[in-house]
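Visitor: Contents of query17.cif (mmCIF, C-alpha atoms):
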data_data
#
loop_
_atom_site.label_atom_id
_atom_site.label_comp_id
_atom_site.auth_asym_id
_atom_site.auth_seq_id
_atom_site.Cartn_x
_atom_site.Cartn_y
_atom_site.Cartn_z
CA MET A 1 0.31 -11.24 -22.76
CA THR A 2 2.88 -12.27 -25.36
CA LEU A 3 5.79 -14.54 -24.51
CA SER A 4 8.24 -11.67 -25.02
CA LYS A 5 6.21 -9.45 -22.70
CA ALA A 6 6.14 -12.15 -20.04
CA THR A 7 9.91 -12.51 -20.37
CA GLU A 8 10.36 -8.75 -19.98
CA ILE A 9 8.33 -8.78 -16.76
CA ALA A 10 10.23 -11.75 -15.39
CA GLU A 11 13.52 -9.91 -15.96
CA ILE A 12 12.52 -6.70 -14.15
CA SER A 13 14.85 -6.12 -11.22
CA HIS A 14 13.71 -4.89 -7.81
CA PRO A 15 15.23 -2.86 -4.96
CA ASP A 16 17.90 -4.83 -3.12
CA TRP A 17 18.37 -4.84 0.65
CA LYS A 18 20.91 -2.00 0.62
CA THR A 19 18.49 0.16 -1.36
CA ILE A 20 15.80 -0.47 1.26
CA VAL A 21 18.19 0.29 4.13
CA ASP A 22 19.27 3.49 2.38
CA ALA A 23 15.62 4.45 1.88
CA HIS A 24 14.95 3.91 5.59
CA ASP A 25 17.91 6.09 6.49
CA ARG A 26 16.62 8.77 4.11
CA VAL A 27 13.06 8.90 5.46
CA ARG A 28 13.25 7.91 9.14
CA ALA A 29 13.79 11.45 10.44
CA ARG A 30 10.72 12.73 8.58
CA ILE A 31 8.18 10.00 9.31
CA HIS A 32 6.80 8.20 12.34
CA ARG A 33 7.96 4.77 13.39
CA THR A 34 4.34 3.79 13.82
CA PRO A 35 3.13 1.83 16.84
CA VAL A 36 2.10 -1.82 16.81
CA LEU A 37 -1.17 -2.53 18.63
CA THR A 38 -2.56 -5.82 19.93
CA SER A 39 -6.02 -6.92 21.02
CA HIS A 40 -6.95 -9.90 23.19
CA SER A 41 -10.49 -9.95 21.80
CA LEU A 42 -9.32 -9.93 18.18
CA ASN A 43 -6.81 -12.66 19.01
CA GLN A 44 -9.64 -14.80 20.35
CA GLN A 45 -11.83 -14.11 17.35
CA SER A 46 -9.10 -14.93 14.83
CA GLY A 47 -7.41 -17.78 16.69
CA ALA A 48 -4.06 -16.07 16.21
CA GLN A 49 -1.77 -13.59 17.94
CA LEU A 50 -2.23 -10.43 15.89
CA PHE A 51 0.14 -7.47 15.70
CA PHE A 52 -1.26 -4.39 13.95
CA LYS A 53 1.26 -2.04 12.30
CA CYS A 54 -0.66 1.25 12.50
CA GLU A 55 0.20 3.21 9.38
CA ASN A 56 -3.17 4.89 9.87
CA LEU A 57 -1.26 6.89 12.52
CA GLN A 58 1.51 7.77 10.05
CA LYS A 59 2.09 11.33 8.82
CA THR A 60 -0.53 12.22 6.16
CA GLY A 61 -2.56 9.30 7.56
CA SER A 62 -1.07 6.47 5.51
CA PHE A 63 2.04 4.47 4.63
CA LYS A 64 2.31 6.40 1.37
CA ILE A 65 4.49 9.09 2.95
CA ARG A 66 7.31 6.54 3.16
CA GLY A 67 7.59 6.01 -0.58
CA ALA A 68 6.81 9.60 -1.53
CA THR A 69 9.47 10.97 0.82
CA ASN A 70 12.07 8.52 -0.43
CA ALA A 71 11.29 9.30 -4.07
CA ILE A 72 11.20 13.08 -3.72
CA PHE A 73 14.31 13.33 -1.55
CA SER A 74 16.13 11.05 -4.00
CA LEU A 75 15.69 13.63 -6.77
CA SER A 76 18.66 15.68 -7.88
CA ASP A 77 18.44 19.43 -7.32
CA GLU A 78 17.88 19.94 -11.05
CA GLU A 79 15.03 17.43 -11.09
CA ALA A 80 13.48 18.86 -7.93
CA ARG A 81 13.37 22.38 -9.38
CA ARG A 82 10.96 21.09 -12.04
CA GLY A 83 8.48 19.93 -9.41
CA VAL A 84 6.63 16.62 -9.34
CA VAL A 85 3.43 15.21 -10.80
CA THR A 86 1.45 12.11 -9.90
CA HIS A 87 -1.98 10.52 -10.05
CA SER A 88 -3.75 9.00 -7.06
CA SER A 89 -7.14 8.34 -5.50
CA GLY A 90 -5.95 10.14 -2.38
CA ASN A 91 -3.33 8.80 0.01
CA HIS A 92 -0.37 8.89 -2.39
CA ALA A 93 -1.61 12.29 -3.55
CA ALA A 94 -1.44 13.70 -0.04
CA ALA A 95 1.93 12.09 0.59
CA VAL A 96 3.47 13.54 -2.57
CA ALA A 97 2.04 16.98 -1.80
CA CYS A 98 3.41 16.83 1.75
CA ALA A 99 6.88 15.56 0.78
CA ALA A 100 7.06 18.15 -2.00
CA ARG A 101 6.27 20.89 0.51
CA TRP A 102 9.03 19.59 2.78
CA ARG A 103 11.45 19.91 -0.14
CA GLY A 104 10.02 23.26 -1.20
CA ILE A 105 8.90 22.27 -4.69
CA PRO A 106 5.53 22.32 -6.50
CA ALA A 107 3.34 19.23 -6.82
CA TRP A 108 0.69 18.67 -9.50
CA ILE A 109 -1.79 15.99 -8.48
CA VAL A 110 -4.32 14.15 -10.67
CA MET A 111 -7.25 12.74 -8.70
CA PRO A 112 -10.45 10.98 -9.85
CA LYS A 113 -13.49 13.19 -9.51
CA ASN A 114 -15.08 10.69 -7.12
CA ALA A 115 -12.12 10.75 -4.70
CA PRO A 116 -13.22 11.15 -1.05
CA ALA A 117 -13.53 14.79 -0.03
CA VAL A 118 -11.37 14.21 3.05
CA LYS A 119 -8.49 13.11 0.83
CA CYS A 120 -8.91 16.08 -1.52
CA ARG A 121 -8.83 18.48 1.42
CA ALA A 122 -5.64 16.86 2.67
CA VAL A 123 -3.90 17.34 -0.69
CA GLU A 124 -4.93 20.99 -0.79
CA SER A 125 -3.78 21.55 2.79
CA TYR A 126 -0.26 20.43 1.79
CA GLY A 127 -0.22 22.78 -1.18
CA GLY A 128 -0.85 20.23 -3.92
CA LYS A 129 -2.46 21.52 -7.13
CA ILE A 130 -5.33 19.17 -7.98
CA THR A 131 -6.57 18.36 -11.47
CA PHE A 132 -9.61 16.08 -11.49
CA CYS A 133 -10.11 13.31 -14.03
CA GLU A 134 -12.60 10.58 -14.85
CA PRO A 135 -12.58 7.71 -12.31
CA ASN A 136 -10.73 5.14 -14.40
CA VAL A 137 -7.13 4.05 -14.85
CA THR A 138 -6.77 5.34 -18.40
CA SER A 139 -8.00 8.85 -17.60
CA ARG A 140 -5.70 9.10 -14.58
CA ALA A 141 -2.63 8.15 -16.58
CA GLU A 142 -3.49 10.31 -19.60
CA THR A 143 -4.20 13.37 -17.47
CA ALA A 144 -0.95 12.93 -15.55
CA ASP A 145 0.99 12.55 -18.81
CA ARG A 146 -0.54 15.76 -20.12
CA LEU A 147 0.34 17.67 -16.96
CA GLN A 148 3.87 16.34 -17.03
CA SER A 149 4.24 17.47 -20.63
CA GLU A 150 2.87 20.94 -19.80
CA THR A 151 4.90 21.51 -16.63
CA GLY A 152 8.09 19.53 -17.19
CA ALA A 153 7.63 18.02 -13.72
CA VAL A 154 9.10 14.68 -12.68
CA MET A 155 6.64 11.78 -12.49
CA VAL A 156 6.39 10.13 -9.07
CA HIS A 157 4.32 7.08 -9.91
CA PRO A 158 2.19 5.70 -7.06
CA TYR A 159 3.76 2.24 -7.24
CA ASP A 160 5.60 1.51 -10.51
CA ASP A 161 8.84 3.03 -9.20
CA ASP A 162 11.72 1.40 -7.35
CA ARG A 163 12.11 4.46 -5.08
CA ILE A 164 8.46 4.17 -4.04
CA ILE A 165 8.69 0.42 -3.46
CA ALA A 166 11.88 0.80 -1.39
CA GLY A 167 10.19 3.44 0.74
CA GLN A 168 7.10 1.30 1.31
CA ALA A 169 9.35 -1.63 2.23
CA THR A 170 10.37 0.20 5.39
CA ALA A 171 6.99 -0.51 7.04
CA GLY A 172 7.45 -4.29 6.84
CA LYS A 173 11.11 -3.91 7.79
CA GLU A 174 10.15 -2.04 10.96
CA LEU A 175 7.46 -4.56 11.86
CA LEU A 176 9.85 -7.52 11.63
CA GLU A 177 12.59 -5.62 13.44
CA ASP A 178 10.20 -4.99 16.32
CA TYR A 179 8.57 -8.46 16.27
CA SER A 180 11.03 -10.87 14.68
CA GLU A 181 8.95 -13.91 15.68
CA LEU A 182 6.10 -13.11 13.27
CA GLU A 183 5.28 -16.03 11.02
CA ALA A 184 3.19 -14.16 8.46
CA ILE A 185 2.21 -10.62 7.46
CA LEU A 186 -0.98 -9.52 5.71
CA ALA A 187 -1.15 -6.27 3.73
CA PRO A 188 -3.66 -4.74 1.31
CA VAL A 189 -2.86 -4.78 -2.40
CA SER A 190 -3.86 -2.36 -5.13
CA GLY A 191 -1.06 -1.21 -7.42
CA GLY A 192 1.23 -3.39 -5.36
CA GLY A 193 3.71 -0.85 -3.96
CA LEU A 194 3.00 -1.71 -0.33
CA LEU A 195 2.67 -5.46 -0.86
CA SER A 196 5.79 -5.82 -3.01
CA GLY A 197 7.66 -3.58 -0.59
CA THR A 198 6.42 -5.66 2.34
CA CYS A 199 7.66 -8.84 0.65
CA LEU A 200 11.11 -7.29 0.22
CA GLY A 201 11.29 -5.53 3.58
CA ALA A 202 9.85 -8.28 5.75
CA LYS A 203 11.62 -11.18 4.06
CA GLY A 204 14.84 -9.16 4.20
CA VAL A 205 14.65 -9.38 8.00
CA ARG A 206 13.12 -12.87 8.20
CA PRO A 207 13.37 -14.83 4.94
CA ASP A 208 10.96 -17.55 6.06
CA ALA A 209 8.14 -15.13 6.95
CA LYS A 210 5.08 -15.55 4.77
CA VAL A 211 3.55 -12.46 3.15
CA TYR A 212 -0.02 -12.41 1.85
CA GLY A 213 -1.87 -9.75 -0.08
CA CYS A 214 -5.52 -8.99 0.67
CA GLU A 215 -7.84 -7.61 -1.98
CA PRO A 216 -11.54 -6.78 -2.46
CA GLU A 217 -13.50 -9.23 -4.58
CA ARG A 218 -14.67 -6.22 -6.60
CA ALA A 219 -11.07 -5.23 -7.43
CA ASN A 220 -9.42 -8.61 -7.86
CA ASP A 221 -6.81 -7.99 -10.55
CA ALA A 222 -3.88 -8.96 -8.29
CA TYR A 223 -5.56 -12.26 -7.42
CA ARG A 224 -6.20 -12.96 -11.08
CA SER A 225 -2.66 -11.93 -12.03
CA ILE A 226 -0.99 -14.21 -9.48
CA THR A 227 -3.40 -17.08 -10.14
CA THR A 228 -2.98 -17.03 -13.92
CA GLY A 229 0.65 -15.91 -14.03
CA THR A 230 -0.40 -13.19 -16.47
CA LEU A 231 -0.66 -9.50 -15.61
CA GLN A 232 -4.33 -8.49 -15.40
CA SER A 233 -5.80 -5.00 -15.34
CA LEU A 234 -8.90 -3.40 -13.89
CA GLU A 235 -10.18 -0.24 -15.53
CA THR A 236 -12.73 0.69 -12.85
CA SER A 237 -14.08 -0.60 -9.55
CA ASP A 238 -16.81 0.41 -7.12
CA THR A 239 -15.35 -1.22 -4.01
CA ILE A 240 -15.74 0.70 -0.76
CA ALA A 241 -11.96 0.33 -0.37
CA ASP A 242 -11.28 3.40 -2.52
CA GLY A 243 -7.53 3.12 -2.02
CA LEU A 244 -7.46 -0.29 -3.71
CA ARG A 245 -8.90 0.54 -7.11
CA ALA A 246 -5.64 0.56 -9.07
CA SER A 247 -4.07 -2.40 -10.88
CA LEU A 248 -0.65 -4.00 -10.58
CA ALA A 249 2.12 -2.65 -12.76
CA PRO A 250 4.75 -4.82 -14.50
CA ARG A 251 7.29 -3.90 -11.82
CA THR A 252 5.13 -4.82 -8.83
CA PHE A 253 3.77 -7.91 -10.58
CA ALA A 254 7.31 -9.14 -11.22
CA ILE A 255 8.14 -8.86 -7.51
CA LEU A 256 4.92 -10.48 -6.33
CA ARG A 257 5.25 -13.41 -8.73
CA LYS A 258 8.54 -14.26 -7.02
CA LYS A 259 7.90 -13.22 -3.43
CA VAL A 260 4.24 -13.19 -2.35
CA ASP A 261 2.78 -16.33 -0.73
CA GLY A 262 -0.79 -15.73 -1.92
CA ILE A 263 -3.64 -13.27 -2.46
CA LEU A 264 -6.81 -13.46 -0.33
CA LEU A 265 -10.12 -12.01 -1.50
CA VAL A 266 -12.74 -10.43 0.77
CA SER A 267 -16.29 -9.24 0.23
CA GLU A 268 -17.59 -5.72 0.76
CA GLU A 269 -19.52 -6.94 3.80
CA GLU A 270 -16.37 -8.44 5.31
CA ILE A 271 -14.49 -5.18 4.76
CA VAL A 272 -17.10 -3.09 6.56
CA ALA A 273 -17.42 -5.58 9.42
CA ALA A 274 -13.65 -5.66 9.96
CA MET A 275 -13.39 -1.88 9.87
CA LYS A 276 -16.14 -1.42 12.44
CA LEU A 277 -14.61 -4.10 14.65
CA VAL A 278 -11.28 -2.25 14.71
CA TRP A 279 -12.99 1.04 15.53
CA GLU A 280 -14.80 -0.62 18.42
CA ARG A 281 -12.05 -2.87 19.83
CA LEU A 282 -8.81 -1.03 19.07
CA LYS A 283 -10.30 2.46 19.38
CA THR A 284 -8.41 3.57 16.29
CA VAL A 285 -9.81 4.81 12.99
CA ILE A 286 -8.85 2.85 9.89
CA GLU A 287 -10.16 3.25 6.37
CA PRO A 288 -11.78 0.41 4.41
CA SER A 289 -8.54 -0.35 2.55
CA SER A 290 -6.85 -1.11 5.88
CA ALA A 291 -9.70 -3.38 6.97
CA VAL A 292 -9.13 -5.55 3.89
CA ALA A 293 -5.94 -6.87 5.54
CA LEU A 294 -7.76 -8.01 8.68
CA ALA A 295 -10.94 -9.35 7.10
CA PRO A 296 -9.58 -12.77 5.99
CA LEU A 297 -8.49 -13.56 9.56
CA LEU A 298 -12.03 -13.13 10.86
CA ARG A 299 -13.35 -15.99 8.73
CA LYS A 300 -13.58 -19.47 10.22
CA SER A 301 -11.27 -20.68 7.46
CA GLY A 302 -8.89 -17.75 7.82
CA LEU A 303 -5.91 -19.55 9.32
CA GLU A 304 -6.33 -22.53 6.99
CA GLU A 305 -6.19 -20.16 4.02
CA LEU A 306 -2.79 -19.06 5.30
CA GLY A 307 -1.60 -22.64 5.62
CA PHE A 308 -1.79 -22.84 9.43
CA THR A 309 -3.47 -26.19 10.02
CA SER A 310 -1.85 -27.18 13.32
CA GLN A 311 -1.21 -24.46 15.83
CA SER A 312 -0.27 -23.87 19.41
CA LYS A 313 -2.89 -22.95 21.98
CA SER A 314 -2.22 -19.25 21.42
CA GLY A 315 -2.17 -19.56 17.64
CA PRO A 316 0.33 -18.35 15.01
CA ARG A 317 1.90 -14.90 15.27
CA ILE A 318 0.63 -12.74 12.41
CA GLY A 319 1.31 -9.13 11.50
CA VAL A 320 -1.37 -6.98 9.85
CA ILE A 321 -0.49 -3.69 8.17
CA PHE A 322 -3.17 -1.03 8.53
CA SER A 323 -2.38 1.01 5.42
CA GLY A 324 -4.24 4.21 6.31
CA GLY A 325 -6.89 5.99 8.29
CA ASN A 326 -8.21 8.67 5.94
CA VAL A 327 -11.94 8.11 6.05
CA GLU A 328 -14.85 10.55 5.88
CA LEU A 329 -16.63 10.33 9.24
CA LYS A 330 -20.26 11.44 8.93
CA TRP A 331 -23.04 11.65 11.51
#
Could the structure of this file be written out as structure tokens, please?

Guide:
Amino acid sequence: MTLSKATEIAEISHPDWKTIVDAHDRVRARIHRTPVLTSHSLNQQSGAQLFFKCENLQKTGSFKIRGATNAIFSLSDEEARRGVVTHSSGNHAAAVACAARWRGIPAWIVMPKNAPAVKCRAVESYGGKITFCEPNVTSRAETADRLQSETGAVMVHPYDDDRIIAGQATAGKELLEDYSELEAILAPVSGGGLLSGTCLGAKGVRPDAKVYGCEPERANDAYRSITTGTLQSLETSDTIADGLRASLAPRTFAILRKKVDGILLVSEEEIVAAMKLVWERLKTVIEPSSAVALAPLLRKSGLEELGFTSQSKSGPRIGVIFSGGNVELKW
């Protein structure tokens, strides 16, 4: 990255608190205020008091409906008449298709050809028009650009959009409003819309709350970006966490450089183990991308990685955002 490019990123603005409050007012009637679950057994295993924000129980099965609804209902009538286009591995795709149906406008969706069938079916059920592409970042963007040129539709980017980030920020805002004593929040990171939004939404309620991103070792561009201070990209990834295969954008990177307290990496084995543990103990279905946010806390060094070296008998109070629950269940 050139010095001028680094300066440009550093100067990118982000949604302010009023923008986030306005976004919450815009979307709250259309989405769920998702429940927060707790588990004595997971508390014992982690050494902390855990509070799980269950966006897997959100409409369309993920947090993505927050940003998509805010973006689409922020459009002018003239813009909305043109319809919307986006690219996504699944959850954002379904959210855009659903929010577009609510507004009564068409949605063109670009999805990688290896996207989970359950997520493709969801997009189709909401009326989204799918165009498949090769499973890499370049193909997704190029195909979406072509569709936008052909249709004249408005681009609703999965994460490189202030309206999307402000919408995603409402999840962390709700969590801290409901549990103001939380000392830290963990959220998955891919393109960074949820994590950057969580930094803004959570710290807007409690400025001293720590926010950490969690990422698969096989898709570690956010970790490398924050560690080096230079925006990194990842063209492809084979992680089981299919919702975390995108890379940070300049906008989300700029927010995370200023606001995030760290990025934690987890292995594929840790992801699967955490996911199965939640299914068994919380009796709720989460997808692998959600499990990434719990996995670091199940390690012996988990709390130390978050900077909690001395703790009370009950342990620190930590929020975990389950990003979604759209997983193909096969027997």

Visitor: Tell me, as a list of chain:residue names, which residues lie within 8 Å of segment 175-183 of chain A, counting all atoms listed in the file; anything in the same chain fewer than 4 positions away does not count.

Guide: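 Contacts, with the query itself left out: A:Val36, A:Lys53, A:Ala171, A:Ala202, A:Val205, A:Arg206, A:Asp208, A:Ala209, A:Lys210, A:Pro316, A:Arg317, A:Ile318, A:Gly319.
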
Visitor: Considering only C-alpha atoms, can you say which of A:Lys113, A:Lys258, A:Arg66, A:Arg245 comes closest to Leu200 of chain A?

Guide: A:Lys258

Visitor: In Å to one decimal, how far is atom CA of Leu195 of chain A from atom CA of Ile286 of chain A?

Guide: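 Distance reported for this atom pair: 17.8 Å.
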
Visitor: How would you write, as a PyMOL selection string, the residues chosen by the PyMOL selection byres ((chain A and resi 307) around 12) on this structure?

Guide: chain A and resi 183-184+210-212+261-262+301-306+308-311+316

Visitor: Running the PyMOL selection byres ((chain A and resi 133) around 12) on this model by hand, what would come out? Give it as a count of residues only.

Guide: 26

Visitor: Would you compute the distance between atom CA of Asp242 of chain A and atom CA of Val85 of chain A? Give it in Å to one decimal.

Guide: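 Those two atoms sit 20.6 Å apart.
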
Visitor: Need the neighbours of (-17.2, -2.3, 5.8): which residues are at most 12 Å away, counting all atoms listed in the file, as a ChimeraX atom specification?

Guide: /A:216,239-242,266-279,286-292,294-295,327

Visitor: May I have the residues from that selection written out with C-alpha atoms, as a PDB file, in the coordinates of the input?

Guide:
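Once everything was written out, this is part-v9.pdb:
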ATOM      1  CA  PRO A 216     -11.540  -6.780  -2.460  1.00  0.00           C
ATOM      2  CA  THR A 239     -15.350  -1.220  -4.010  1.00  0.00           C
ATOM      3  CA  ILE A 240     -15.740   0.700  -0.760  1.00  0.00           C
ATOM      4  CA  ALA A 241     -11.960   0.330  -0.370  1.00  0.00           C
ATOM      5  CA  ASP A 242     -11.280   3.400  -2.520  1.00  0.00           C
ATOM      6  CA  VAL A 266     -12.740 -10.430   0.770  1.00  0.00           C
ATOM      7  CA  SER A 267     -16.290  -9.240   0.230  1.00  0.00           C
ATOM      8  CA  GLU A 268     -17.590  -5.720   0.760  1.00  0.00           C
ATOM      9  CA  GLU A 269     -19.520  -6.940   3.800  1.00  0.00           C
ATOM     10  CA  GLU A 270     -16.370  -8.440   5.310  1.00  0.00           C
ATOM     11  CA  ILE A 271     -14.490  -5.180   4.760  1.00  0.00           C
ATOM     12  CA  VAL A 272     -17.100  -3.090   6.560  1.00  0.00           C
ATOM     13  CA  ALA A 273     -17.420  -5.580   9.420  1.00  0.00           C
ATOM     14  CA  ALA A 274     -13.650  -5.660   9.960  1.00  0.00           C
ATOM     15  CA  MET A 275     -13.390  -1.880   9.870  1.00  0.00           C
ATOM     16  CA  LYS A 276     -16.140  -1.420  12.440  1.00  0.00           C
ATOM     17  CA  LEU A 277     -14.610  -4.100  14.650  1.00  0.00           C
ATOM     18  CA  VAL A 278     -11.280  -2.250  14.710  1.00  0.00           C
ATOM     19  CA  TRP A 279     -12.990   1.040  15.530  1.00  0.00           C
ATOM     20  CA  ILE A 286      -8.850   2.850   9.890  1.00  0.00           C
ATOM     21  CA  GLU A 287     -10.160   3.250   6.370  1.00  0.00           C
ATOM     22  CA  PRO A 288     -11.780   0.410   4.410  1.00  0.00           C
ATOM     23  CA  SER A 289      -8.540  -0.350   2.550  1.00  0.00           C
ATOM     24  CA  SER A 290      -6.850  -1.110   5.880  1.00  0.00           C
ATOM     25  CA  ALA A 291      -9.700  -3.380   6.970  1.00  0.00           C
ATOM     26  CA  VAL A 292      -9.130  -5.550   3.890  1.00  0.00           C
ATOM     27  CA  LEU A 294      -7.760  -8.010   8.680  1.00  0.00           C
ATOM     28  CA  ALA A 295     -10.940  -9.350   7.100  1.00  0.00           C
ATOM     29  CA  VAL A 327     -11.940   8.110   6.050  1.00  0.00           C
TER      30      VAL A 327
END

Visitor: Report the distance between atom CA of Arg121 of chain A and atom CA of Ile72 of chain A in Å, rounded to one decimal place.

Guide: 21.4 Å

Visitor: Quick one: residues within 9 Å of Asn91 of chain A, all atoms listed in the file, excluding same-chain residues fewer than 5 positions away - as a PyMOL selection string?

Guide: chain A and resi 60-65+96+119+122-123+243+324+326

Visitor: Where does the PyMOL selection byres ((chain A and resi 197-199) around 10) land in this file, that is, which residues does it pick, as an MDAnalysis selection string?

Guide: chainID A and resid 14:15 20 67 159 162 164:173 175 185:187 192:196 200:204 207 209:213 252 255:256 258:261 321

Visitor: Go through A:His24, A:Leu231, A:Gln49, A:Gly191 and flag the residue nearest His92 of chain A, using only C-alpha atoms for the distances.

Guide: A:Gly191

Visitor: Kindly provide the residues of segment 91-121 of chain A that approach segment 73-76 of chain A to within 9 Å, each paired with its closest atom pair and their distance in Å to one decimal, based on only C-alpha atoms, listed by chain and increasing number, as a Markdown table.

Guide:
| residue | atom | partner | partner_atom | distance |
| --- | --- | --- | --- | --- |
| A:Ala99 | CA | A:Phe73 | CA | 8.1 |
| A:Ala100 | CA | A:Phe73 | CA | 8.7 |
| A:Arg103 | CA | A:Phe73 | CA | 7.3 |

Visitor: Given the selection you just returned, output its residues as a file containing C-alpha atoms, formatted as a PDB file, in the coordinates of the input.

Guide:
ATOM      1  CA  ALA A  99       6.880  15.560   0.780  1.00  0.00           C
ATOM      2  CA  ALA A 100       7.060  18.150  -2.000  1.00  0.00           C
ATOM      3  CA  ARG A 103      11.450  19.910  -0.140  1.00  0.00           C
TER       4      ARG A 103
END

Visitor: For Lys129 of chain A, find every residue with an atom within 7 Å (counting all atoms listed in the file), except residues of its own chain fewer than 5 positions away, and show them as JSON, numbers by chain.

Guide: {"A": [107, 108, 109, 124]}

Visitor: Could you dump the residues just selected with C-alpha atoms as an mmCIF file, in the frame of the given file?

Guide:
data_model
loop_
_atom_site.group_PDB
_atom_site.id
_atom_site.type_symbol
_atom_site.label_atom_id
_atom_site.label_comp_id
_atom_site.auth_asym_id
_atom_site.auth_seq_id
_atom_site.Cartn_x
_atom_site.Cartn_y
_atom_site.Cartn_z
ATOM 1 C CA ALA A 107 3.340 19.230 -6.820
ATOM 2 C CA TRP A 108 0.690 18.670 -9.500
ATOM 3 C CA ILE A 109 -1.790 15.990 -8.480
ATOM 4 C CA GLU A 124 -4.930 20.990 -0.790
#

Visitor: Counting only C-alpha atoms, which of A:Thr227, A:Gln148, A:Glu174, A:Pro106 gets nearest to His32 of chain A?

Guide: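 The answer is A:Glu174, which sits nearest to His32 of chain A.
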